[in-house]
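**Q** Got a structure for you, entry-v5.cif, holding mmCIF, C-alpha atoms.
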```
data_final
loop_
_atom_site.label_atom_id
_atom_site.label_comp_id
_atom_site.auth_asym_id
_atom_site.auth_seq_id
_atom_site.Cartn_x
_atom_site.Cartn_y
_atom_site.Cartn_z
CA MET N 1 17.06 -5.78 -51.45
CA TYR N 2 14.31 -5.71 -48.80
CA ARG N 3 13.32 -2.10 -48.43
CA ARG N 4 11.69 -1.12 -45.19
CA SER N 5 8.26 0.25 -45.88
CA THR N 6 7.21 3.53 -44.30
CA LYS N 7 4.34 1.69 -42.64
CA GLN N 8 6.73 -0.63 -40.79
CA ARG N 9 8.85 2.29 -39.60
CA LEU N 10 5.77 4.18 -38.44
CA ALA N 11 4.49 1.17 -36.51
CA LEU N 12 7.88 0.77 -34.80
CA ALA N 13 8.06 4.47 -33.90
CA ALA N 14 4.51 4.45 -32.53
CA LEU N 15 5.15 1.38 -30.37
CA ILE N 16 8.42 2.75 -28.99
CA ALA N 17 6.65 6.02 -28.18
CA ALA N 18 3.90 4.04 -26.43
CA SER N 19 6.47 2.11 -24.34
CA ALA N 20 8.25 5.33 -23.41
CA THR N 21 4.91 6.79 -22.30
CA VAL N 22 4.12 3.78 -20.11
CA ILE N 23 7.61 3.83 -18.58
CA THR N 24 7.37 7.56 -17.84
CA LEU N 25 3.84 7.37 -16.44
CA ASP N 26 4.86 4.48 -14.20
CA PHE N 27 8.04 6.21 -13.08
CA ARG N 28 6.12 9.31 -11.97
CA GLN N 29 3.32 7.16 -10.64
CA ASN N 30 0.95 8.42 -8.01
CA PRO N 31 -1.54 6.04 -6.44
CA GLY N 32 -4.65 5.82 -8.60
CA GLY N 33 -2.68 6.78 -11.74
CA PRO N 34 -3.40 5.22 -15.12
CA VAL N 35 -0.67 2.57 -14.95
CA ARG N 36 -1.88 1.54 -11.53
CA ARG N 37 -5.45 1.24 -12.82
CA ALA N 38 -4.19 -0.86 -15.75
CA GLN N 39 -2.41 -3.12 -13.24
CA ASP N 40 -5.59 -3.55 -11.19
CA TRP N 41 -7.43 -4.32 -14.37
CA ALA N 42 -4.82 -6.83 -15.58
CA VAL N 43 -4.82 -8.67 -12.25
CA SER N 44 -8.64 -8.69 -12.12
CA VAL N 45 -8.84 -10.15 -15.63
CA VAL N 46 -5.89 -12.52 -15.56
CA ALA N 47 -6.25 -13.88 -12.01
CA PRO N 48 -9.65 -15.61 -12.48
CA LEU N 49 -8.31 -17.18 -15.68
CA GLN N 50 -5.18 -18.27 -13.80
CA ASP N 51 -7.43 -19.79 -11.19
CA GLY N 52 -9.16 -21.90 -13.84
CA VAL N 53 -6.08 -22.89 -15.81
CA GLY N 54 -4.21 -23.64 -12.59
CA ARG N 55 -6.86 -26.08 -11.42
CA VAL N 56 -6.38 -28.07 -14.62
CA LEU N 57 -2.59 -27.85 -14.88
CA GLY N 58 -1.75 -27.96 -11.17
CA PRO N 59 -1.75 -31.77 -10.88
CA VAL N 60 0.32 -32.09 -14.08
CA GLY N 61 2.78 -29.54 -12.74
CA SER N 62 3.12 -31.26 -9.37
CA PHE N 63 3.80 -34.55 -11.14
CA LEU N 64 6.48 -33.01 -13.37
CA GLY N 65 7.96 -31.34 -10.31
CA SER N 66 8.19 -34.67 -8.49
CA LEU N 67 9.98 -36.26 -11.47
CA THR N 68 12.82 -33.78 -11.29
CA GLU N 69 13.12 -34.47 -7.57
CA ILE N 70 13.82 -38.22 -7.80
CA GLY N 71 17.56 -37.70 -8.25
CA GLY N 72 17.79 -35.66 -5.07
CA LEU N 73 15.76 -37.99 -2.85
CA ARG N 74 18.73 -39.81 -1.29
CA GLU N 75 20.40 -36.56 -0.45
CA GLU N 76 17.15 -35.15 0.87
CA ASN N 77 16.65 -38.23 3.02
CA ALA N 78 20.06 -37.76 4.66
CA GLU N 79 19.34 -34.09 5.18
CA LEU N 80 15.97 -34.88 6.77
CA ARG N 81 17.56 -37.41 9.14
CA ARG N 82 20.05 -34.82 10.25
CA GLN N 83 17.27 -32.28 10.71
CA ASN N 84 15.24 -34.79 12.66
CA GLU N 85 18.07 -35.22 15.17
CA ASP N 86 18.38 -31.46 15.48
CA LEU N 87 14.66 -31.11 16.00
CA GLN N 88 14.58 -33.85 18.63
CA SER N 89 17.16 -32.02 20.67
CA GLN N 90 15.36 -28.71 20.20
CA LEU N 91 12.07 -30.26 21.18
CA ARG N 92 13.48 -31.14 24.59
CA ARG N 93 14.07 -27.45 25.23
CA TYR N 94 10.70 -26.40 23.81
CA PRO N 95 8.38 -26.35 26.87
CA GLU N 96 10.85 -24.22 28.72
CA THR N 97 11.07 -21.82 25.75
CA VAL N 98 7.32 -21.45 25.54
CA ARG N 99 7.13 -20.50 29.21
CA GLU N 100 9.93 -18.01 28.76
CA ASN N 101 8.28 -16.56 25.67
CA GLU N 102 4.97 -16.07 27.43
CA ARG N 103 6.68 -14.34 30.29
CA LEU N 104 8.68 -12.01 28.01
CA LEU N 105 5.73 -11.17 25.76
CA ALA N 106 3.74 -10.24 28.82
CA LEU N 107 6.61 -8.03 29.99
CA LEU N 108 6.78 -6.28 26.61
CA GLU N 109 3.00 -6.10 26.34
CA GLU N 110 3.55 -7.39 22.83
CA LYS N 111 0.94 -9.38 20.97
CA ASP N 112 1.73 -12.81 19.62
CA TRP N 113 1.42 -12.53 15.81
CA SER N 114 -0.38 -15.83 15.51
CA GLN N 115 -3.29 -14.57 17.65
CA GLY N 116 -4.68 -11.84 15.34
CA ALA N 117 -7.31 -12.07 12.59
CA LYS N 118 -6.21 -13.98 9.49
CA ARG N 119 -7.60 -14.75 6.07
CA GLY N 120 -6.75 -18.00 4.29
CA ALA N 121 -5.96 -17.81 0.57
CA ARG N 122 -4.82 -20.08 -2.21
CA VAL N 123 -1.85 -19.35 -4.48
CA ILE N 124 -3.18 -19.38 -8.05
CA GLY N 125 -0.12 -18.26 -9.99
CA VAL N 126 3.32 -16.74 -9.75
CA GLY N 127 5.11 -13.84 -11.41
CA PRO N 128 6.32 -14.65 -14.94
CA SER N 129 9.88 -13.38 -14.65
CA ASN N 130 13.33 -14.60 -13.58
CA TYR N 131 14.19 -11.26 -12.00
CA GLU N 132 11.31 -10.74 -9.59
CA TRP N 133 9.37 -13.05 -7.34
CA THR N 134 5.65 -12.57 -6.70
CA ALA N 135 2.61 -14.79 -6.26
CA PHE N 136 -1.08 -14.22 -6.97
CA ILE N 137 -3.65 -15.23 -4.35
CA ASP N 138 -7.40 -15.63 -4.69
CA ARG N 139 -8.45 -13.09 -2.05
CA GLY N 140 -8.56 -9.31 -2.37
CA LYS N 141 -9.99 -6.06 -1.05
CA ALA N 142 -13.47 -7.57 -0.86
CA GLN N 143 -12.17 -10.05 1.73
CA GLY N 144 -10.48 -7.34 3.79
CA ILE N 145 -7.01 -7.65 2.31
CA GLY N 146 -4.98 -4.47 2.03
CA GLU N 147 -1.61 -3.52 0.64
CA GLY N 148 1.31 -4.00 3.01
CA MET N 149 -0.24 -6.86 4.97
CA ALA N 150 2.04 -9.73 5.93
CA VAL N 151 1.51 -13.15 4.34
CA VAL N 152 2.60 -16.36 6.09
CA SER N 153 2.27 -20.08 5.53
CA ALA N 154 2.44 -22.97 7.97
CA GLU N 155 6.25 -22.95 7.53
CA GLY N 156 6.90 -19.25 8.02
CA LEU N 157 7.01 -15.82 6.40
CA VAL N 158 5.97 -15.70 2.73
CA GLY N 159 5.99 -11.96 1.97
CA ARG N 160 3.71 -8.96 1.88
CA VAL N 161 0.77 -7.84 -0.26
CA VAL N 162 1.90 -5.28 -2.87
CA LEU N 163 -1.28 -5.03 -4.90
CA ALA N 164 -4.81 -5.72 -3.70
CA ALA N 165 -7.40 -5.86 -6.48
CA GLU N 166 -11.09 -6.50 -5.84
CA SER N 167 -10.94 -10.28 -5.28
CA TYR N 168 -7.29 -11.09 -6.01
CA SER N 169 -3.95 -9.86 -4.68
CA GLN N 170 -0.31 -9.95 -5.59
CA VAL N 171 2.26 -10.86 -2.94
CA LEU N 172 5.92 -9.83 -3.04
CA LEU N 173 7.89 -12.88 -1.83
CA VAL N 174 10.73 -12.62 0.69
CA MET N 175 13.19 -13.89 -1.94
CA ASP N 176 12.58 -10.85 -4.17
CA PRO N 177 15.51 -8.39 -4.05
CA GLU N 178 13.03 -5.54 -3.47
CA HIS N 179 11.93 -7.27 -0.28
CA ALA N 180 13.72 -6.35 2.94
CA VAL N 181 12.55 -7.24 6.42
CA GLY N 182 13.81 -6.29 9.87
CA SER N 183 14.93 -9.58 11.41
CA ARG N 184 16.41 -11.10 14.52
CA LEU N 185 18.77 -14.01 15.07
CA SER N 186 17.06 -16.25 17.58
CA GLY N 187 20.29 -17.26 19.33
CA SER N 188 21.96 -13.95 20.05
CA GLY N 189 18.94 -11.68 19.59
CA GLN N 190 20.97 -9.61 17.11
CA THR N 191 18.81 -7.59 14.75
CA GLY N 192 19.49 -6.63 11.16
CA VAL N 193 17.99 -6.49 7.72
CA LEU N 194 17.20 -9.59 5.68
CA GLU N 195 17.12 -9.10 1.92
CA GLY N 196 16.01 -11.39 -0.89
CA ARG N 197 18.47 -12.56 -3.55
CA GLY N 198 16.26 -14.52 -5.88
CA GLU N 199 16.78 -18.28 -5.88
CA GLU N 200 19.88 -17.91 -3.69
CA ASP N 201 19.75 -17.78 0.12
CA LEU N 202 18.55 -14.57 1.77
CA ARG N 203 21.20 -12.17 3.00
CA PHE N 204 21.22 -10.96 6.62
CA ASP N 205 23.17 -7.70 6.95
CA PHE N 206 24.43 -5.50 9.78
CA ILE N 207 25.39 -8.14 12.33
CA ASP N 208 27.84 -7.06 15.04
CA PRO N 209 31.28 -8.56 14.19
CA GLU N 210 31.69 -9.82 17.77
CA VAL N 211 28.54 -11.89 17.81
CA GLY N 212 28.78 -15.64 17.28
CA ILE N 213 26.48 -16.93 14.55
CA GLU N 214 25.55 -20.58 14.55
CA VAL N 215 24.75 -22.47 11.38
CA GLY N 216 21.18 -23.68 11.68
CA GLU N 217 20.13 -20.82 13.91
CA THR N 218 16.56 -19.62 13.30
CA VAL N 219 15.84 -16.12 12.01
CA VAL N 220 12.53 -14.42 12.86
CA THR N 221 10.99 -11.03 12.08
CA SER N 222 12.03 -8.32 14.54
CA GLY N 223 9.00 -6.09 14.07
CA TYR N 224 11.21 -3.02 13.66
CA ASP N 225 10.39 -2.22 10.02
CA LYS N 226 7.74 0.50 10.45
CA GLY N 227 5.32 -2.09 11.71
CA ILE N 228 4.88 -4.01 8.43
CA TYR N 229 5.64 -7.37 9.97
CA PRO N 230 4.68 -8.29 13.49
CA PRO N 231 7.64 -9.62 15.49
CA GLY N 232 8.39 -13.32 15.88
CA ILE N 233 7.35 -14.77 12.51
CA PRO N 234 9.87 -17.49 11.60
CA ILE N 235 11.67 -16.80 8.31
CA GLY N 236 14.47 -19.30 7.88
CA ARG N 237 17.66 -20.93 9.08
CA VAL N 238 21.26 -19.68 8.84
CA THR N 239 23.28 -21.70 6.30
CA SER N 240 26.58 -19.79 6.46
CA SER N 241 28.08 -16.54 7.61
CA ARG N 242 31.14 -14.45 6.90
CA ARG N 243 32.76 -11.20 7.89
CA ALA N 244 32.08 -8.29 5.53
CA ALA N 245 35.06 -6.98 3.55
CA SER N 246 35.15 -3.88 5.77
CA GLY N 247 35.41 -6.07 8.87
CA LEU N 248 32.85 -3.84 10.59
CA GLN N 249 29.96 -6.24 10.29
CA GLN N 250 29.09 -9.85 9.63
CA ILE N 251 26.79 -11.20 6.95
CA ALA N 252 24.77 -14.36 7.32
CA PHE N 253 22.97 -16.31 4.61
CA VAL N 254 19.55 -17.64 5.44
CA ARG N 255 17.52 -20.36 3.73
CA PRO N 256 13.76 -19.66 4.03
CA PHE N 257 11.57 -22.26 5.76
CA VAL N 258 8.95 -21.82 3.07
CA ASP N 259 9.48 -23.89 -0.08
CA PHE N 260 8.32 -21.31 -2.62
CA GLY N 261 8.17 -23.92 -5.37
CA LYS N 262 5.44 -25.75 -3.46
CA LEU N 263 3.59 -22.78 -2.04
CA ASP N 264 -0.12 -23.52 -2.02
CA HIS N 265 -2.13 -22.26 0.93
CA VAL N 266 -1.20 -19.06 2.73
CA LEU N 267 -2.61 -16.85 5.48
CA VAL N 268 -2.86 -13.07 5.25
CA LEU N 269 -2.45 -11.37 8.63
CA LEU N 270 -5.24 -8.81 8.54
CA GLU N 271 -3.93 -6.87 11.52
CA SER N 272 -0.48 -6.33 10.04
CA GLY N 273 0.67 -3.72 7.57
CA PRO N 274 2.14 -0.26 7.73
CA ILE N 275 0.96 1.81 10.67
CA PRO N 276 -1.58 4.31 9.21
CA ASP N 277 -0.04 7.36 10.91
CA GLN N 278 3.29 6.76 9.23
CA ALA N 279 1.84 5.80 5.87
CA GLY N 280 0.22 9.20 5.41
CA MET B 1 -9.60 -7.36 -36.81
CA ARG B 2 -10.21 -11.07 -36.34
CA ARG B 3 -6.49 -11.61 -36.77
CA PHE B 4 -5.76 -9.06 -34.09
CA ALA B 5 -8.22 -10.71 -31.68
CA VAL B 6 -6.83 -14.21 -32.33
CA PHE B 7 -3.20 -13.12 -31.91
CA SER B 8 -4.13 -11.31 -28.68
CA LEU B 9 -5.76 -14.49 -27.45
CA VAL B 10 -2.58 -16.46 -28.21
CA LEU B 11 -0.54 -13.98 -26.15
CA LEU B 12 -3.02 -14.07 -23.27
CA THR B 13 -2.84 -17.88 -23.29
CA ALA B 14 0.96 -17.68 -23.20
CA VAL B 15 0.79 -15.32 -20.20
CA LEU B 16 -1.62 -17.66 -18.38
CA LEU B 17 0.50 -20.76 -19.05
CA GLN B 18 3.61 -18.86 -17.99
CA THR B 19 2.18 -17.70 -14.65
CA THR B 20 0.26 -20.85 -13.68
CA PHE B 21 2.48 -23.55 -15.10
CA PHE B 22 5.96 -22.68 -16.39
CA ALA B 23 7.08 -20.15 -13.77
CA ARG B 24 5.51 -22.29 -11.06
CA TYR B 25 6.48 -25.85 -11.90
CA VAL B 26 8.92 -25.84 -14.82
CA THR B 27 12.00 -24.40 -13.15
CA LEU B 28 15.49 -25.81 -13.42
CA PHE B 29 18.20 -24.33 -11.19
CA GLY B 30 15.61 -21.75 -10.15
CA ILE B 31 15.23 -20.43 -13.70
CA THR B 32 12.06 -20.64 -15.76
CA PRO B 33 11.64 -20.39 -19.54
CA ASP B 34 9.84 -17.36 -20.97
CA LEU B 35 6.96 -18.67 -23.04
CA ILE B 36 5.72 -15.17 -23.91
CA LEU B 37 9.02 -14.29 -25.59
CA VAL B 38 9.01 -17.58 -27.53
CA VAL B 39 5.53 -16.78 -28.88
CA VAL B 40 6.58 -13.23 -29.81
CA ILE B 41 9.65 -14.47 -31.71
CA ALA B 42 7.58 -17.14 -33.49
CA PHE B 43 5.15 -14.43 -34.62
CA SER B 44 7.91 -12.20 -35.91
CA ILE B 45 9.60 -15.04 -37.86
CA LEU B 46 6.26 -16.00 -39.45
CA GLU B 47 4.60 -12.62 -39.87
CA GLY B 48 7.38 -10.07 -40.15
CA PRO B 49 8.52 -7.01 -38.21
CA THR B 50 5.20 -5.19 -37.76
CA VAL B 51 3.37 -8.13 -36.22
CA GLY B 52 6.56 -9.05 -34.32
CA ALA B 53 6.85 -5.60 -32.80
CA THR B 54 3.13 -5.36 -32.01
CA THR B 55 2.92 -8.77 -30.31
CA GLY B 56 6.21 -8.00 -28.53
CA PHE B 57 4.77 -4.78 -27.18
CA GLY B 58 1.41 -6.33 -26.26
CA GLY B 59 2.77 -9.49 -24.67
CA GLY B 60 5.54 -7.59 -22.93
CA LEU B 61 3.12 -5.00 -21.54
CA LEU B 62 0.76 -7.64 -20.17
CA ARG B 63 3.75 -9.37 -18.58
CA ASP B 64 4.85 -5.98 -17.17
CA LEU B 65 1.51 -5.44 -15.48
CA LEU B 66 1.94 -8.74 -13.63
CA VAL B 67 5.45 -8.23 -12.27
CA ALA B 68 6.58 -6.10 -9.34
CA ALA B 69 9.03 -4.11 -11.49
CA PRO B 70 8.82 -0.86 -13.47
CA LYS B 71 6.09 -1.14 -16.11
CA GLY B 72 6.75 -0.81 -19.83
CA LEU B 73 10.29 -2.19 -19.86
CA THR B 74 9.40 -5.69 -21.03
CA GLY B 75 7.11 -4.15 -23.64
CA LEU B 76 9.98 -2.08 -25.01
CA ALA B 77 12.54 -4.90 -24.89
CA TYR B 78 10.27 -7.45 -26.59
CA LEU B 79 9.03 -5.07 -29.26
CA ILE B 80 12.62 -4.34 -30.28
CA VAL B 81 13.40 -8.08 -30.43
CA GLY B 82 10.18 -8.78 -32.36
CA TYR B 83 10.99 -6.07 -34.89
CA ALA B 84 14.66 -7.05 -35.30
CA ILE B 85 13.89 -10.76 -35.81
CA GLY B 86 11.18 -9.86 -38.32
CA ILE B 87 13.60 -7.62 -40.23
CA GLY B 88 16.30 -10.26 -40.25
CA ARG B 89 14.10 -13.20 -41.30
CA PRO B 90 13.95 -12.54 -45.12
CA TYR B 91 17.76 -12.46 -45.27
CA VAL B 92 17.92 -16.09 -44.19
CA GLN B 93 17.12 -18.03 -47.36
CA SER B 94 16.17 -21.24 -45.65
CA THR B 95 13.11 -23.19 -44.67
CA SER B 96 15.08 -25.40 -42.30
CA VAL B 97 13.72 -26.16 -38.83
CA LEU B 98 16.89 -24.51 -37.58
CA VAL B 99 15.46 -21.08 -38.44
CA PRO B 100 13.01 -20.91 -35.49
CA VAL B 101 15.48 -22.74 -33.23
CA ILE B 102 18.29 -20.26 -33.85
CA GLY B 103 15.85 -17.34 -34.03
CA VAL B 104 14.41 -18.14 -30.59
CA PHE B 105 17.85 -18.71 -29.07
CA VAL B 106 19.32 -15.45 -30.36
CA GLY B 107 16.11 -13.50 -29.75
CA SER B 108 15.85 -14.79 -26.17
CA LEU B 109 19.46 -13.87 -25.42
CA ALA B 110 18.81 -10.37 -26.79
CA GLY B 111 15.39 -9.99 -25.16
CA SER B 112 16.39 -10.91 -21.61
CA ALA B 113 19.71 -9.04 -21.83
CA LEU B 114 17.89 -5.93 -23.07
CA TYR B 115 15.39 -6.18 -20.22
CA VAL B 116 18.16 -6.38 -17.61
CA ILE B 117 19.93 -3.37 -19.11
CA LEU B 118 16.70 -1.34 -19.10
CA THR B 119 15.90 -2.21 -15.46
CA ALA B 120 19.46 -1.33 -14.43
CA LEU B 121 19.10 2.04 -16.19
CA LEU B 122 15.95 2.72 -14.15
CA GLY B 123 17.80 2.00 -10.93
CA GLU B 124 16.31 -1.38 -10.04
CA PRO B 125 18.35 -3.69 -7.77
CA VAL B 126 21.15 -5.14 -9.86
CA PHE B 127 22.12 -8.78 -9.62
CA SER B 128 25.70 -9.94 -9.93
CA LEU B 129 26.98 -10.21 -13.50
CA ALA B 130 27.47 -13.94 -12.98
CA ARG B 131 23.80 -14.40 -12.10
CA ILE B 132 22.60 -12.22 -14.97
CA ALA B 133 24.74 -14.19 -17.43
CA ARG B 134 23.39 -17.45 -16.00
CA VAL B 135 19.75 -16.31 -16.18
CA VAL B 136 20.11 -14.93 -19.72
CA LEU B 137 21.85 -18.04 -21.02
CA LEU B 138 19.60 -20.57 -19.27
CA THR B 139 16.44 -18.70 -20.30
CA ALA B 140 17.63 -18.79 -23.92
CA ILE B 141 18.37 -22.52 -23.71
CA TYR B 142 15.02 -23.37 -22.07
CA ASN B 143 13.18 -21.17 -24.56
CA THR B 144 14.89 -22.99 -27.42
CA LEU B 145 13.69 -26.30 -25.96
CA LEU B 146 10.10 -24.98 -26.15
CA VAL B 147 10.36 -24.31 -29.90
CA PRO B 148 9.19 -27.78 -31.06
CA PHE B 149 6.03 -27.37 -28.96
CA VAL B 150 5.27 -23.69 -29.48
CA TYR B 151 6.38 -22.90 -33.02
CA PRO B 152 4.10 -25.38 -34.88
CA VAL B 153 1.09 -24.14 -32.88
CA VAL B 154 1.79 -20.49 -33.69
CA ARG B 155 2.49 -21.38 -37.34
CA LYS B 156 -0.82 -23.22 -37.61
CA ILE B 157 -2.76 -20.32 -36.08
CA ALA B 158 -0.93 -17.75 -38.23
CA SER B 159 -1.66 -19.72 -41.40
CA VAL B 160 -5.35 -20.07 -40.58
CA TYR B 161 -5.67 -16.35 -39.86
CA LYS B 162 -3.51 -15.10 -42.73
CA ALA B 163 -3.40 -11.42 -43.63
CA GLU B 164 -5.80 -11.16 -46.58
CA LYS B 165 -4.49 -8.68 -49.11
CA VAL B 166 -7.96 -8.41 -50.61
CA TYR B 167 -9.55 -6.77 -47.64
CA LYS B 168 -7.08 -4.02 -47.01
CA TRP B 169 -7.88 -1.98 -43.95
#
```
How does the structure come out when it is put into structure tokens?

**A**
Amino acid sequence: MYRRSTKQRLALAALIAASATVITLDFRQNPGGPVRRAQDWAVSVVAPLQDGVGRVLGPVGSFLGSLTEIGGLREENAELRRQNEDLQSQLRRYPETVRENERLLALLEEKDWSQGAKRGARVIGVGPSNYEWTAFIDRGKAQGIGEGMAVVSAEGLVGRVVLAAESYSQVLLVMDPEHAVGSRLSGSGQTGVLEGRGEEDLRFDFIDPEVGIEVGETVVTSGYDKGIYPPGIPIGRVTSSRRAASGLQQIAFVRPFVDFGKLDHVLVLLESGPIPDQAG
Amino acid sequence: MRRFAVFSLVLLTAVLLQTTFFARYVTLFGITPDLILVVVIAFSILEGPTVGATTGFGGGLLRDLLVAAPKGLTGLAYLIVGYAIGIGRPYVQSTSVLVPVIGVFVGSLAGSALYVILTALLGEPVFSLARIARVVLLTAIYNTLLVPFVYPVVRKIASVYKAEKVYKW
């Protein structure tokens, strides 16, 4: 009844061939390749527009966001009370911890991550997909930002820069499954790898089965991942843990400190990033 | 040519709204609707398989360039959905409002499922089947809820910039 015209078939074939070309080019990508240039171009064109649209829609979005939260307020209130008690008790131990930290850092000749040069940036948009988690910020190469640099907020670790265009950058968030970071449990000092799992809690692998893991324990970066992240950046809090099926390790689940839904201002650590010797 | 420029502008607007508004603020259970796919399906219902496939490819590719995943996969997935919906449309002899509603629901299920399959084939990290099913289903439901807002806008634009048979290029 409805015969396909040759023109339609040709258009379909041409578009499929074009997709296959893009997929192949990207798969065999070398830095500076055509797909990479297209990406730079897309970010440079879209980001300024995002910046503008975001300024208009941001307040509307925040308002809508707050509407959906009303139902959870009571629960959140109880949770905050509980947290407050926890924090009060932790606060009493704080001065002692600071002294200990200073002493240990001096021993290790390690630099405190919060001391180095930083660049403030604003989040202007986020990745469009349900399978990957990125954010766009309004600072780029021109402001000294490079790929691989760590991004933090006042709450803790946000992620790392994966694409730096001229005046905008894209940040891979810790909740993305491609994101893995060498981490340390603050209580036991156990190190392992923390991986993103989307909107679910992060997964902390390779914990010694003998080690006790406390719910609520803080997880920080260990600084062991080829120097991408400086050690000591807070990431999140343990929500649960279990023994792996093999029984040879434990797995903990960690809720990030950063509320990625409300991410607004971030800091890029300009002295972080892969160590040049190893990158080449 | 004007048609091409206007349709491109519609897609770019969808990408901007998706990245600054929907993906950022309109999330339920951590899942966001996919405005770009809704626009693509609306185009293919209204304008047929060729426009459906072209907008699917264009919108998908632009989306690809903004995600930290292999490039070209969304373009391929959305162009197939755009073409298939456009092919299927004339067989449904109805002008009911249910046409875009069902079209967007089915197209969104197919589009996001196809994308997941393609990424898995390229060796990207695979989520649990339960999560994939949840994302695919919720995306389709949220996308369907956008139809009353998006479809009339696309229909209006498509009717203003109709393909003119007289000037055949």

**Q** Could you make a table, as JSON lines, of the residues of chain N that have an atom within 6 Å of an atom of chain B, each with its nearest atom pair and distance in Å to one decimal, counting all atoms listed in the file, in chain and number order?

**A**
```
{"residue": "N:Gln8", "atom": "CA", "partner": "B:Thr50", "partner_atom": "CA", "distance": 5.7}
{"residue": "N:Ser19", "atom": "CA", "partner": "B:Gly72", "partner_atom": "CA", "distance": 5.4}
{"residue": "N:Val22", "atom": "CA", "partner": "B:Gly72", "partner_atom": "CA", "distance": 5.3}
{"residue": "N:Ile23", "atom": "CA", "partner": "B:Gly72", "partner_atom": "CA", "distance": 4.9}
{"residue": "N:Gln39", "atom": "CA", "partner": "B:Leu65", "partner_atom": "CA", "distance": 5.1}
{"residue": "N:Gln50", "atom": "CA", "partner": "B:Leu16", "partner_atom": "CA", "distance": 5.8}
{"residue": "N:Gly54", "atom": "CA", "partner": "B:Thr20", "partner_atom": "CA", "distance": 5.4}
{"residue": "N:Gly61", "atom": "CA", "partner": "B:Tyr25", "partner_atom": "CA", "distance": 5.3}
{"residue": "N:Gly65", "atom": "CA", "partner": "B:Tyr25", "partner_atom": "CA", "distance": 5.9}
{"residue": "N:Gly125", "atom": "CA", "partner": "B:Thr20", "partner_atom": "CA", "distance": 4.5}
{"residue": "N:Val126", "atom": "CA", "partner": "B:Thr19", "partner_atom": "CA", "distance": 5.1}
{"residue": "N:Gly127", "atom": "CA", "partner": "B:Val67", "partner_atom": "CA", "distance": 5.7}
{"residue": "N:Pro128", "atom": "CA", "partner": "B:Thr19", "partner_atom": "CA", "distance": 5.2}
{"residue": "N:Glu199", "atom": "CA", "partner": "B:Gly30", "partner_atom": "CA", "distance": 5.6}
```

**Q** Considering all atoms listed in the file, state which residue in the set B:Ala130, B:Val38, B:Val97, B:Leu137 is at the smallest distance from Ala113 of chain B.

**A** B:Leu137

**Q** One number please: atom CA of Glu76 of chain N to atom CA of Phe257 of chain N, in Å, one decimal.

**A**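 So the two atoms, atom CA of Glu76 of chain N and atom CA of Phe257 of chain N, lie 14.9 Å apart.
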
**Q** Enter the distance from atom CA of Val10 of chain B to atom CA of Ile85 of chain B, in Å, rounded to one decimal.

**A**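 Between atom CA of Val10 of chain B and atom CA of Ile85 of chain B the gap works out to 19.0 Å.
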
**Q** Residues within 12 Å of segment 86-94 of chain N, please, as a list in words. Count only C-alpha atoms; anything in the same chain fewer than 5 positions from it doesn't count.

**A**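 These residues fall inside the cut-off: Glu79, Leu80, Arg81, Arg99, Glu100, Asn101, Val215, Gly216, Glu217 and Thr218 of chain N.
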
**Q** For Pro48 of chain N, please output as an MDAnalysis selection string all residues within 12 Å (counting all atoms listed in the file; exclusion window: fewer than 2 positions along the same chain).

**A** (chainID N and resid 41:46 50:55 123:125 136:140 165:169) or (chainID B and resid 16 20)

**Q** Within 10 Å of Leu194 of chain N, counting only C-alpha atoms, which residues show up once you throw out same-chain ones fewer than 6 positions away? Write them as number ranges by chain, please.

**A** N: 174-175, 177, 179-184, 202-206, 219-221, 235, 251-254

**Q** Next, dump the selected residues to file, keeping only C-alpha atoms, as a short mmCIF file (atom, residue, chain, number, x, y, z; two decimals), keeping the file's coordinate frame.

**A**
```cif
data_model
loop_
_atom_site.label_atom_id
_atom_site.label_comp_id
_atom_site.auth_asym_id
_atom_site.auth_seq_id
_atom_site.Cartn_x
_atom_site.Cartn_y
_atom_site.Cartn_z
CA VAL N 174 10.73 -12.62 0.69
CA MET N 175 13.19 -13.89 -1.94
CA PRO N 177 15.51 -8.39 -4.05
CA HIS N 179 11.93 -7.27 -0.28
CA ALA N 180 13.72 -6.35 2.94
CA VAL N 181 12.55 -7.24 6.42
CA GLY N 182 13.81 -6.29 9.87
CA SER N 183 14.93 -9.58 11.41
CA ARG N 184 16.41 -11.10 14.52
CA LEU N 202 18.55 -14.57 1.77
CA ARG N 203 21.20 -12.17 3.00
CA PHE N 204 21.22 -10.96 6.62
CA ASP N 205 23.17 -7.70 6.95
CA PHE N 206 24.43 -5.50 9.78
CA VAL N 219 15.84 -16.12 12.01
CA VAL N 220 12.53 -14.42 12.86
CA THR N 221 10.99 -11.03 12.08
CA ILE N 235 11.67 -16.80 8.31
CA ILE N 251 26.79 -11.20 6.95
CA ALA N 252 24.77 -14.36 7.32
CA PHE N 253 22.97 -16.31 4.61
CA VAL N 254 19.55 -17.64 5.44
#
```

**Q** Separation of atom CA of Arg155 of chain B and atom CA of Phe105 of chain B, in Å?

**A**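 These two atoms are separated by 17.6 Å.
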
**Q** For Val39 of chain B, which of B:Tyr142, B:Tyr151, B:Tyr161, B:Phe4 is the closest residue, counting only C-alpha atoms?

**A**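 The shortest atom-to-atom distance to Val39 of chain B comes from B:Tyr151.
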
**Q** Identify which of the residues N:Asp40, N:Leu105, N:Ile16, N:Asp264 lies closest to Leu163 of chain N, counting all atoms listed in the file when measuring atom-to-atom distances.

**A** N:Asp40

**Q** Measuring atom to atom with all atoms listed in the file, identify which of N:Gly236, N:Pro59, N:Gly72, N:Pro34 is nearest to Lys262 of chain N.

**A**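 Among N:Gly236, N:Pro59, N:Gly72, N:Pro34, it is N:Pro59 that comes nearest to Lys262 of chain N.
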